[in-house]
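Report on one structure; see the data block that follows.
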Amino acid sequence: MYTLANVEASDGNGGDTIEVANGTYEEGVVVSGKELTIKGESEGGTILKSPPVASLNTCITGHYGNDPAVICAREGAKLDISNLTVNGEELLVTGIGFRDANGSVTSVTTEKTGKASSGAQGGRGIDAETTEATSRTVDVSSSEVKEFQKHGIRGWGEDLTMNTTDNTVICTPTPDIAQNGIQLRG
């Protein structure tokens with residue numbers, strides 16, 4: 001069992017599994033071009049908390065600007081994530097982002113990805129997009145997305161297949177922002 005502090009997601013060989021012990025970790029994780037599995041010890045006990053936005057890498061490049069992500073899979077990576085919580089610390093971030101990548105999110109909670117009273121188009125729980133003409137698949141199951149600012153779960157791109165099964169998405173009502181629980185666009 002590891003703590004994220006002693007494992008770099010960019011290290012190791014493709015196909016590795018990182019088992020993360022219960023605890024709270026303040027850091028971002030980026031997986032580029034390789035296969036990796038991250039398994040928390042328990043969904044409520046393994047918490048990945050966003051560091052300051054300036055220390056996160058841009059993951060999603062939507063038409064409203066570049067969004068940093070607490071966990072980011074990109075450049076052909078395959079990232080499978082299970083049994084943990086991603087806490088955005090009320091910053092305008094994406095909890096888990098997939099950009100031109102494949103993967104799965106199972107038994108994960110994302111929370112506090114943006115204050116509902118600030119901005120208009122940031123703060124996503126789980127976001128996947130394709131920007132190149134390569135088919136990608138992202139599966140989201142048995143997960144909870146709450147306290148997000150704009151999108152709970154968003155899939156964007158003609159070459160993206162996004163499967164969502166048995167998830168709970170909780171919107172926080174706000175007078176000035178049109179929130180989307182689940183948005184899929186090809």
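Ligands are numbered from 1 in the order shown, chains are lettered A, B, ... in the order of the structure tokens, and residues start at 1 in each chain.
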Determine, counting only C-alpha atoms, which protein, DNA and RNA residues have an atom within 8 Å of an atom of region 139-149 of chain A; residues of the same chain fewer than 5 positions away are not included. Present the result as a PDB file with all heavy atoms, in the first residue's frame.
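Okay, this is what ended up in selection.pdb:
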ATOM      1  N   LEU A  92     -11.914  26.424  -9.107  1.00  0.00           N
ATOM      2  CA  LEU A  92     -12.480  26.123 -10.418  1.00  0.00           C
ATOM      3  C   LEU A  92     -11.567  25.140 -11.134  1.00  0.00           C
ATOM      4  O   LEU A  92     -10.699  25.511 -11.916  1.00  0.00           O
ATOM      5  CB  LEU A  92     -12.658  27.399 -11.242  1.00  0.00           C
ATOM      6  CG  LEU A  92     -13.855  28.252 -10.844  1.00  0.00           C
ATOM      7  CD1 LEU A  92     -13.921  29.508 -11.696  1.00  0.00           C
ATOM      8  CD2 LEU A  92     -15.147  27.471 -10.946  1.00  0.00           C
ATOM      9  N   GLY A 103     -10.274   5.215 -20.162  1.00  0.00           N
ATOM     10  CA  GLY A 103     -10.200   4.851 -18.763  1.00  0.00           C
ATOM     11  C   GLY A 103     -11.534   4.590 -18.127  1.00  0.00           C
ATOM     12  O   GLY A 103     -12.575   4.530 -18.795  1.00  0.00           O
ATOM     13  N   SER A 104     -11.496   4.443 -16.802  1.00  0.00           N
ATOM     14  CA  SER A 104     -12.712   4.190 -16.044  1.00  0.00           C
ATOM     15  C   SER A 104     -12.623   4.860 -14.680  1.00  0.00           C
ATOM     16  O   SER A 104     -11.531   5.064 -14.137  1.00  0.00           O
ATOM     17  CB  SER A 104     -12.944   2.684 -15.877  1.00  0.00           C
ATOM     18  OG  SER A 104     -11.921   2.108 -15.084  1.00  0.00           O
ATOM     19  N   VAL A 105     -13.794   5.195 -14.155  1.00  0.00           N
ATOM     20  CA  VAL A 105     -13.940   5.772 -12.828  1.00  0.00           C
ATOM     21  C   VAL A 105     -15.009   4.937 -12.136  1.00  0.00           C
ATOM     22  O   VAL A 105     -16.154   4.888 -12.585  1.00  0.00           O
ATOM     23  CB  VAL A 105     -14.378   7.251 -12.905  1.00  0.00           C
ATOM     24  CG1 VAL A 105     -14.605   7.828 -11.519  1.00  0.00           C
ATOM     25  CG2 VAL A 105     -13.372   8.083 -13.694  1.00  0.00           C
ATOM     26  N   THR A 106     -14.632   4.233 -11.057  1.00  0.00           N
ATOM     27  CA  THR A 106     -15.545   3.318 -10.374  1.00  0.00           C
ATOM     28  C   THR A 106     -15.497   3.562  -8.871  1.00  0.00           C
ATOM     29  O   THR A 106     -14.409   3.578  -8.277  1.00  0.00           O
ATOM     30  CB  THR A 106     -15.160   1.849 -10.668  1.00  0.00           C
ATOM     31  OG1 THR A 106     -15.073   1.664 -12.084  1.00  0.00           O
ATOM     32  CG2 THR A 106     -16.179   0.890 -10.084  1.00  0.00           C
ATOM     33  N   SER A 107     -16.659   3.747  -8.270  1.00  0.00           N
ATOM     34  CA  SER A 107     -16.753   3.964  -6.815  1.00  0.00           C
ATOM     35  C   SER A 107     -15.860   5.119  -6.367  1.00  0.00           C
ATOM     36  O   SER A 107     -15.042   4.993  -5.461  1.00  0.00           O
ATOM     37  CB  SER A 107     -16.422   2.676  -6.052  1.00  0.00           C
ATOM     38  OG  SER A 107     -17.331   1.658  -6.401  1.00  0.00           O
ATOM     39  N   VAL A 108     -16.044   6.251  -7.025  1.00  0.00           N
ATOM     40  CA  VAL A 108     -15.286   7.463  -6.735  1.00  0.00           C
ATOM     41  C   VAL A 108     -16.269   8.589  -6.434  1.00  0.00           C
ATOM     42  O   VAL A 108     -17.320   8.681  -7.054  1.00  0.00           O
ATOM     43  CB  VAL A 108     -14.385   7.849  -7.935  1.00  0.00           C
ATOM     44  CG1 VAL A 108     -13.779   9.227  -7.764  1.00  0.00           C
ATOM     45  CG2 VAL A 108     -13.289   6.807  -8.135  1.00  0.00           C
ATOM     46  N   THR A 109     -15.919   9.451  -5.490  1.00  0.00           N
ATOM     47  CA  THR A 109     -16.677  10.669  -5.229  1.00  0.00           C
ATOM     48  C   THR A 109     -15.847  11.859  -5.678  1.00  0.00           C
ATOM     49  O   THR A 109     -14.657  11.925  -5.369  1.00  0.00           O
ATOM     50  CB  THR A 109     -16.997  10.813  -3.724  1.00  0.00           C
ATOM     51  OG1 THR A 109     -17.835   9.729  -3.325  1.00  0.00           O
ATOM     52  CG2 THR A 109     -17.697  12.120  -3.420  1.00  0.00           C
ATOM     53  N   THR A 110     -16.462  12.779  -6.434  1.00  0.00           N
ATOM     54  CA  THR A 110     -15.821  14.066  -6.695  1.00  0.00           C
ATOM     55  C   THR A 110     -16.675  15.126  -6.015  1.00  0.00           C
ATOM     56  O   THR A 110     -17.904  15.074  -6.054  1.00  0.00           O
ATOM     57  CB  THR A 110     -15.668  14.399  -8.193  1.00  0.00           C
ATOM     58  OG1 THR A 110     -16.942  14.575  -8.783  1.00  0.00           O
ATOM     59  CG2 THR A 110     -14.890  13.317  -8.917  1.00  0.00           C
ATOM     60  N   GLU A 111     -16.008  16.084  -5.371  1.00  0.00           N
ATOM     61  CA  GLU A 111     -16.733  17.108  -4.633  1.00  0.00           C
ATOM     62  C   GLU A 111     -15.967  18.424  -4.642  1.00  0.00           C
ATOM     63  O   GLU A 111     -14.755  18.444  -4.861  1.00  0.00           O
ATOM     64  CB  GLU A 111     -16.960  16.659  -3.185  1.00  0.00           C
ATOM     65  CG  GLU A 111     -15.678  16.416  -2.408  1.00  0.00           C
ATOM     66  CD  GLU A 111     -15.895  15.790  -1.033  1.00  0.00           C
ATOM     67  OE1 GLU A 111     -17.013  15.354  -0.725  1.00  0.00           O
ATOM     68  OE2 GLU A 111     -14.917  15.750  -0.266  1.00  0.00           O
ATOM     69  N   LYS A 112     -16.715  19.506  -4.455  1.00  0.00           N
ATOM     70  CA  LYS A 112     -16.149  20.857  -4.308  1.00  0.00           C
ATOM     71  C   LYS A 112     -15.273  21.268  -5.479  1.00  0.00           C
ATOM     72  O   LYS A 112     -14.205  21.848  -5.301  1.00  0.00           O
ATOM     73  CB  LYS A 112     -15.391  20.970  -2.987  1.00  0.00           C
ATOM     74  CG  LYS A 112     -16.278  20.737  -1.775  1.00  0.00           C
ATOM     75  CD  LYS A 112     -15.528  20.900  -0.486  1.00  0.00           C
ATOM     76  CE  LYS A 112     -16.485  20.637   0.679  1.00  0.00           C
ATOM     77  NZ  LYS A 112     -15.812  20.752   1.974  1.00  0.00           N
ATOM     78  N   THR A 113     -15.738  20.989  -6.711  1.00  0.00           N
ATOM     79  CA  THR A 113     -15.006  21.421  -7.901  1.00  0.00           C
ATOM     80  C   THR A 113     -15.606  22.746  -8.376  1.00  0.00           C
ATOM     81  O   THR A 113     -16.319  22.800  -9.362  1.00  0.00           O
ATOM     82  CB  THR A 113     -15.030  20.356  -9.013  1.00  0.00           C
ATOM     83  OG1 THR A 113     -16.378  19.978  -9.265  1.00  0.00           O
ATOM     84  CG2 THR A 113     -14.209  19.150  -8.625  1.00  0.00           C
ATOM     85  N   GLY A 114     -15.334  23.806  -7.645  1.00  0.00           N
ATOM     86  CA  GLY A 114     -15.794  25.148  -7.969  1.00  0.00           C
ATOM     87  C   GLY A 114     -16.874  25.621  -7.032  1.00  0.00           C
ATOM     88  O   GLY A 114     -17.736  24.854  -6.624  1.00  0.00           O
ATOM     89  N   LYS A 115     -16.811  26.898  -6.684  1.00  0.00           N
ATOM     90  CA  LYS A 115     -17.885  27.504  -5.904  1.00  0.00           C
ATOM     91  C   LYS A 115     -19.029  27.829  -6.848  1.00  0.00           C
ATOM     92  O   LYS A 115     -18.822  28.399  -7.908  1.00  0.00           O
ATOM     93  CB  LYS A 115     -17.409  28.792  -5.234  1.00  0.00           C
ATOM     94  CG  LYS A 115     -16.679  28.587  -3.954  1.00  0.00           C
ATOM     95  CD  LYS A 115     -16.488  29.908  -3.250  1.00  0.00           C
ATOM     96  CE  LYS A 115     -15.980  29.658  -1.851  1.00  0.00           C
ATOM     97  NZ  LYS A 115     -15.790  30.887  -1.118  1.00  0.00           N
ATOM     98  N   ALA A 116     -20.225  27.483  -6.461  1.00  0.00           N
ATOM     99  CA  ALA A 116     -21.383  27.741  -7.315  1.00  0.00           C
ATOM    100  C   ALA A 116     -21.620  29.229  -7.542  1.00  0.00           C
ATOM    101  O   ALA A 116     -22.322  29.610  -8.444  1.00  0.00           O
ATOM    102  CB  ALA A 116     -22.620  27.095  -6.713  1.00  0.00           C
ATOM    103  N   SER A 117     -21.005  30.088  -6.762  1.00  0.00           N
ATOM    104  CA  SER A 117     -21.245  31.518  -6.900  1.00  0.00           C
ATOM    105  C   SER A 117     -20.165  32.257  -7.679  1.00  0.00           C
ATOM    106  O   SER A 117     -20.202  33.472  -7.784  1.00  0.00           O
ATOM    107  CB  SER A 117     -21.366  32.144  -5.503  1.00  0.00           C
ATOM    108  OG  SER A 117     -20.159  31.975  -4.795  1.00  0.00           O
ATOM    109  N   ALA A 120     -18.591  31.029 -14.509  1.00  0.00           N
ATOM    110  CA  ALA A 120     -19.783  30.524 -15.178  1.00  0.00           C
ATOM    111  C   ALA A 120     -19.553  29.215 -15.915  1.00  0.00           C
ATOM    112  O   ALA A 120     -20.501  28.518 -16.195  1.00  0.00           O
ATOM    113  CB  ALA A 120     -20.309  31.564 -16.160  1.00  0.00           C
ATOM    114  N   GLN A 121     -18.344  28.859 -16.260  1.00  0.00           N
ATOM    115  CA  GLN A 121     -18.151  27.693 -17.118  1.00  0.00           C
ATOM    116  C   GLN A 121     -17.096  26.720 -16.613  1.00  0.00           C
ATOM    117  O   GLN A 121     -16.704  25.819 -17.325  1.00  0.00           O
ATOM    118  CB  GLN A 121     -17.772  28.145 -18.537  1.00  0.00           C
ATOM    119  CG  GLN A 121     -18.797  29.022 -19.194  1.00  0.00           C
ATOM    120  CD  GLN A 121     -20.135  28.345 -19.379  1.00  0.00           C
ATOM    121  OE1 GLN A 121     -20.220  27.141 -19.535  1.00  0.00           O
ATOM    122  NE2 GLN A 121     -21.194  29.125 -19.357  1.00  0.00           N
ATOM    123  N   GLY A 122     -16.589  26.863 -15.428  1.00  0.00           N
ATOM    124  CA  GLY A 122     -15.569  25.957 -14.905  1.00  0.00           C
ATOM    125  C   GLY A 122     -16.156  25.070 -13.834  1.00  0.00           C
ATOM    126  O   GLY A 122     -17.356  25.054 -13.584  1.00  0.00           O
ATOM    127  N   GLY A 123     -15.301  24.324 -13.161  1.00  0.00           N
ATOM    128  CA  GLY A 123     -15.745  23.494 -12.057  1.00  0.00           C
ATOM    129  C   GLY A 123     -16.526  22.272 -12.493  1.00  0.00           C
ATOM    130  O   GLY A 123     -17.743  22.249 -12.452  1.00  0.00           O
ATOM    131  N   ARG A 124     -15.815  21.234 -12.919  1.00  0.00           N
ATOM    132  CA  ARG A 124     -16.451  20.003 -13.393  1.00  0.00           C
ATOM    133  C   ARG A 124     -16.037  18.836 -12.494  1.00  0.00           C
ATOM    134  O   ARG A 124     -14.899  18.764 -12.052  1.00  0.00           O
ATOM    135  CB  ARG A 124     -16.013  19.728 -14.824  1.00  0.00           C
ATOM    136  CG  ARG A 124     -16.396  20.844 -15.763  1.00  0.00           C
ATOM    137  CD  ARG A 124     -15.850  20.602 -17.146  1.00  0.00           C
ATOM    138  NE  ARG A 124     -16.231  21.697 -18.016  1.00  0.00           N
ATOM    139  CZ  ARG A 124     -15.388  22.392 -18.739  1.00  0.00           C
ATOM    140  NH1 ARG A 124     -14.108  22.112 -18.730  1.00  0.00           N
ATOM    141  NH2 ARG A 124     -15.815  23.371 -19.499  1.00  0.00           N
ATOM    142  N   GLY A 125     -16.949  17.906 -12.294  1.00  0.00           N
ATOM    143  CA  GLY A 125     -16.621  16.719 -11.507  1.00  0.00           C
ATOM    144  C   GLY A 125     -15.756  15.753 -12.301  1.00  0.00           C
ATOM    145  O   GLY A 125     -14.607  15.489 -11.961  1.00  0.00           O
ATOM    146  N   ILE A 126     -16.315  15.227 -13.399  1.00  0.00           N
ATOM    147  CA  ILE A 126     -15.612  14.282 -14.280  1.00  0.00           C
ATOM    148  C   ILE A 126     -15.798  14.786 -15.705  1.00  0.00           C
ATOM    149  O   ILE A 126     -16.922  15.037 -16.135  1.00  0.00           O
ATOM    150  CB  ILE A 126     -16.161  12.856 -14.129  1.00  0.00           C
ATOM    151  CG1 ILE A 126     -15.992  12.360 -12.686  1.00  0.00           C
ATOM    152  CG2 ILE A 126     -15.471  11.905 -15.116  1.00  0.00           C
ATOM    153  CD1 ILE A 126     -16.737  11.076 -12.378  1.00  0.00           C
ATOM    154  N   MET A 162     -18.751   7.468 -24.066  1.00  0.00           N
ATOM    155  CA  MET A 162     -18.769   7.621 -22.614  1.00  0.00           C
ATOM    156  C   MET A 162     -19.963   6.855 -22.077  1.00  0.00           C
ATOM    157  O   MET A 162     -21.100   7.117 -22.449  1.00  0.00           O
ATOM    158  CB  MET A 162     -18.844   9.089 -22.218  1.00  0.00           C
ATOM    159  CG  MET A 162     -18.699   9.320 -20.732  1.00  0.00           C
ATOM    160  SD  MET A 162     -18.506  11.078 -20.401  1.00  0.00           S
ATOM    161  CE  MET A 162     -17.473  10.988 -18.954  1.00  0.00           C
ATOM    162  N   ASN A 163     -19.680   5.886 -21.222  1.00  0.00           N
ATOM    163  CA  ASN A 163     -20.726   5.061 -20.608  1.00  0.00           C
ATOM    164  C   ASN A 163     -20.880   5.468 -19.150  1.00  0.00           C
ATOM    165  O   ASN A 163     -19.886   5.513 -18.416  1.00  0.00           O
ATOM    166  CB  ASN A 163     -20.348   3.578 -20.701  1.00  0.00           C
ATOM    167  CG  ASN A 163     -20.139   3.144 -22.137  1.00  0.00           C
ATOM    168  OD1 ASN A 163     -21.021   3.260 -22.967  1.00  0.00           O
ATOM    169  ND2 ASN A 163     -18.940   2.665 -22.439  1.00  0.00           N
ATOM    170  N   THR A 164     -22.105   5.784 -18.738  1.00  0.00           N
ATOM    171  CA  THR A 164     -22.357   6.134 -17.344  1.00  0.00           C
ATOM    172  C   THR A 164     -23.398   5.172 -16.790  1.00  0.00           C
ATOM    173  O   THR A 164     -24.449   4.977 -17.383  1.00  0.00           O
ATOM    174  CB  THR A 164     -22.846   7.588 -17.190  1.00  0.00           C
ATOM    175  OG1 THR A 164     -24.083   7.742 -17.868  1.00  0.00           O
ATOM    176  CG2 THR A 164     -21.834   8.566 -17.749  1.00  0.00           C
ATOM    177  N   THR A 165     -23.092   4.545 -15.644  1.00  0.00           N
ATOM    178  CA  THR A 165     -23.956   3.532 -15.055  1.00  0.00           C
ATOM    179  C   THR A 165     -24.000   3.682 -13.543  1.00  0.00           C
ATOM    180  O   THR A 165     -22.945   3.750 -12.891  1.00  0.00           O
ATOM    181  CB  THR A 165     -23.420   2.109 -15.384  1.00  0.00           C
ATOM    182  OG1 THR A 165     -23.187   2.010 -16.782  1.00  0.00           O
ATOM    183  CG2 THR A 165     -24.399   1.038 -14.955  1.00  0.00           C
ATOM    184  N   ASP A 166     -25.209   3.728 -12.982  1.00  0.00           N
ATOM    185  CA  ASP A 166     -25.410   3.732 -11.521  1.00  0.00           C
ATOM    186  C   ASP A 166     -24.643   4.831 -10.801  1.00  0.00           C
ATOM    187  O   ASP A 166     -24.030   4.596  -9.760  1.00  0.00           O
ATOM    188  CB  ASP A 166     -25.036   2.352 -10.927  1.00  0.00           C
ATOM    189  CG  ASP A 166     -25.937   1.251 -11.435  1.00  0.00           C
ATOM    190  OD1 ASP A 166     -27.131   1.516 -11.645  1.00  0.00           O
ATOM    191  OD2 ASP A 166     -25.450   0.131 -11.632  1.00  0.00           O
ATOM    192  N   ASN A 167     -24.692   6.045 -11.349  1.00  0.00           N
ATOM    193  CA  ASN A 167     -24.030   7.184 -10.728  1.00  0.00           C
ATOM    194  C   ASN A 167     -25.063   8.088 -10.065  1.00  0.00           C
ATOM    195  O   ASN A 167     -26.230   8.098 -10.445  1.00  0.00           O
ATOM    196  CB  ASN A 167     -23.264   7.990 -11.781  1.00  0.00           C
ATOM    197  CG  ASN A 167     -22.170   7.172 -12.415  1.00  0.00           C
ATOM    198  OD1 ASN A 167     -21.230   6.771 -11.750  1.00  0.00           O
ATOM    199  ND2 ASN A 167     -22.292   6.904 -13.703  1.00  0.00           N
ATOM    200  N   THR A 168     -24.624   8.868  -9.093  1.00  0.00           N
ATOM    201  CA  THR A 168     -25.452   9.888  -8.471  1.00  0.00           C
ATOM    202  C   THR A 168     -24.809  11.235  -8.744  1.00  0.00           C
ATOM    203  O   THR A 168     -23.631  11.438  -8.432  1.00  0.00           O
ATOM    204  CB  THR A 168     -25.555   9.658  -6.943  1.00  0.00           C
ATOM    205  OG1 THR A 168     -26.116   8.368  -6.709  1.00  0.00           O
ATOM    206  CG2 THR A 168     -26.418  10.727  -6.290  1.00  0.00           C
ATOM    207  N   VAL A 169     -25.581  12.149  -9.341  1.00  0.00           N
ATOM    208  CA  VAL A 169     -25.099  13.491  -9.636  1.00  0.00           C
ATOM    209  C   VAL A 169     -26.018  14.461  -8.898  1.00  0.00           C
ATOM    210  O   VAL A 169     -27.221  14.472  -9.124  1.00  0.00           O
ATOM    211  CB  VAL A 169     -25.106  13.780 -11.150  1.00  0.00           C
ATOM    212  CG1 VAL A 169     -24.637  15.198 -11.435  1.00  0.00           C
ATOM    213  CG2 VAL A 169     -24.237  12.767 -11.889  1.00  0.00           C
ATOM    214  N   ILE A 170     -25.439  15.258  -8.003  1.00  0.00           N
ATOM    215  CA  ILE A 170     -26.218  16.172  -7.175  1.00  0.00           C
ATOM    216  C   ILE A 170     -25.854  17.608  -7.541  1.00  0.00           C
ATOM    217  O   ILE A 170     -24.723  18.055  -7.296  1.00  0.00           O
ATOM    218  CB  ILE A 170     -25.951  15.919  -5.677  1.00  0.00           C
ATOM    219  CG1 ILE A 170     -26.274  14.466  -5.321  1.00  0.00           C
ATOM    220  CG2 ILE A 170     -26.755  16.900  -4.821  1.00  0.00           C
ATOM    221  CD1 ILE A 170     -25.817  14.049  -3.934  1.00  0.00           C
ATOM    222  N   CYS A 171     -26.804  18.330  -8.144  1.00  0.00           N
ATOM    223  CA  CYS A 171     -26.605  19.738  -8.476  1.00  0.00           C
ATOM    224  C   CYS A 171     -26.906  20.590  -7.249  1.00  0.00           C
ATOM    225  O   CYS A 171     -27.814  20.291  -6.483  1.00  0.00           O
ATOM    226  CB  CYS A 171     -27.530  20.156  -9.615  1.00  0.00           C
ATOM    227  SG  CYS A 171     -27.199  19.330 -11.180  1.00  0.00           S
ATOM    228  N   THR A 172     -26.145  21.655  -7.068  1.00  0.00           N
ATOM    229  CA  THR A 172     -26.380  22.619  -6.001  1.00  0.00           C
ATOM    230  C   THR A 172     -27.064  23.830  -6.630  1.00  0.00           C
ATOM    231  O   THR A 172     -26.451  24.517  -7.452  1.00  0.00           O
ATOM    232  CB  THR A 172     -25.046  23.043  -5.347  1.00  0.00           C
ATOM    233  OG1 THR A 172     -24.375  21.873  -4.889  1.00  0.00           O
ATOM    234  CG2 THR A 172     -25.279  23.987  -4.184  1.00  0.00           C
ATOM    235  N   ILE A 177     -26.214  30.356 -12.488  1.00  0.00           N
ATOM    236  CA  ILE A 177     -25.455  29.401 -13.290  1.00  0.00           C
ATOM    237  C   ILE A 177     -26.374  28.251 -13.708  1.00  0.00           C
ATOM    238  O   ILE A 177     -27.040  27.644 -12.879  1.00  0.00           O
ATOM    239  CB  ILE A 177     -24.257  28.844 -12.500  1.00  0.00           C
ATOM    240  CG1 ILE A 177     -23.306  29.974 -12.122  1.00  0.00           C
ATOM    241  CG2 ILE A 177     -23.517  27.778 -13.309  1.00  0.00           C
ATOM    242  CD1 ILE A 177     -22.240  29.579 -11.145  1.00  0.00           C
ATOM    243  N   GLN A 179     -26.467  24.760 -14.380  1.00  0.00           N
ATOM    244  CA  GLN A 179     -25.645  23.573 -14.183  1.00  0.00           C
ATOM    245  C   GLN A 179     -26.145  22.436 -15.062  1.00  0.00           C
ATOM    246  O   GLN A 179     -27.332  22.337 -15.358  1.00  0.00           O
ATOM    247  CB  GLN A 179     -25.685  23.150 -12.721  1.00  0.00           C
ATOM    248  CG  GLN A 179     -24.997  24.118 -11.795  1.00  0.00           C
ATOM    249  CD  GLN A 179     -25.063  23.644 -10.356  1.00  0.00           C
ATOM    250  OE1 GLN A 179     -26.126  23.356  -9.841  1.00  0.00           O
ATOM    251  NE2 GLN A 179     -23.921  23.569  -9.713  1.00  0.00           N
TER     252      GLN A 179
END
What residues in chain A get the DSSP label strand (DSSP E)? Please answer as an MDAnalysis selection string. chainID A and resid 16:20 23:26 29:32 35:40 46:49 58:62 65:74 78:87 94:99 102:111 124:129 136:141 144:146 151:156 160:165 168:170 180:185
Report as a list in words all protein, DNA and RNA residues lying within 7 Å of Ile182 (chain A), evaluated on only C-alpha atoms, omitting residues in the same chain fewer than 4 positions from it.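 My list of contacting residues is His151, Gly152, Ile153 and Arg154 of chain A.
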Among the residues A:Leu91, A:Cys59, A:Leu79, A:Leu84, the one that comes closest to Thr37 (chain A) [using only C-alpha atoms]: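 The shortest atom-to-atom distance to Thr37 (chain A) comes from A:Leu79.
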Could you produce a table of the residues of region 46-156 of chain A lying within 7 Å of region 12-32 of chain A, with the nearest pair of atoms per residue and their separation in Å rounded to one decimal, using only C-alpha atoms, ordered by chain and increasing residue number, as a tab-separated table?
residue	atom	partner	partner_atom	distance
A:Thr46	CA	A:Asn22	CA	4.2
A:Ile47	CA	A:Thr24	CA	4.7
A:Leu48	CA	A:Tyr25	CA	4.9
A:Lys49	CA	A:Glu26	CA	4.7
A:Ser50	CA	A:Glu26	CA	5.7
A:Pro51	CA	A:Glu27	CA	5.3
A:Leu56	CA	A:Gly28	CA	6.0
A:Val70	CA	A:Gly28	CA	4.6
A:Ile71	CA	A:Val29	CA	4.8
A:Cys72	CA	A:Val30	CA	4.7
A:Ala73	CA	A:Val31	CA	4.8
A:Arg74	CA	A:Ser32	CA	5.0
A:Glu75	CA	A:Ser32	CA	5.4
A:Gly76	CA	A:Ser32	CA	6.9
A:Ala77	CA	A:Ser32	CA	5.3
If you measure from CA of Thr131 (chain A) to CA of Phe98 (chain A), what distance in Å do you get, rounded to one decimal? 10.9 Å
Have a look at CA of Ala101 (chain A) and CA of Gly155 (chain A) and let me know their distance in Å, one decimal.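 Taking CA of Ala101 (chain A) and CA of Gly155 (chain A), their separation equals 12.0 Å.
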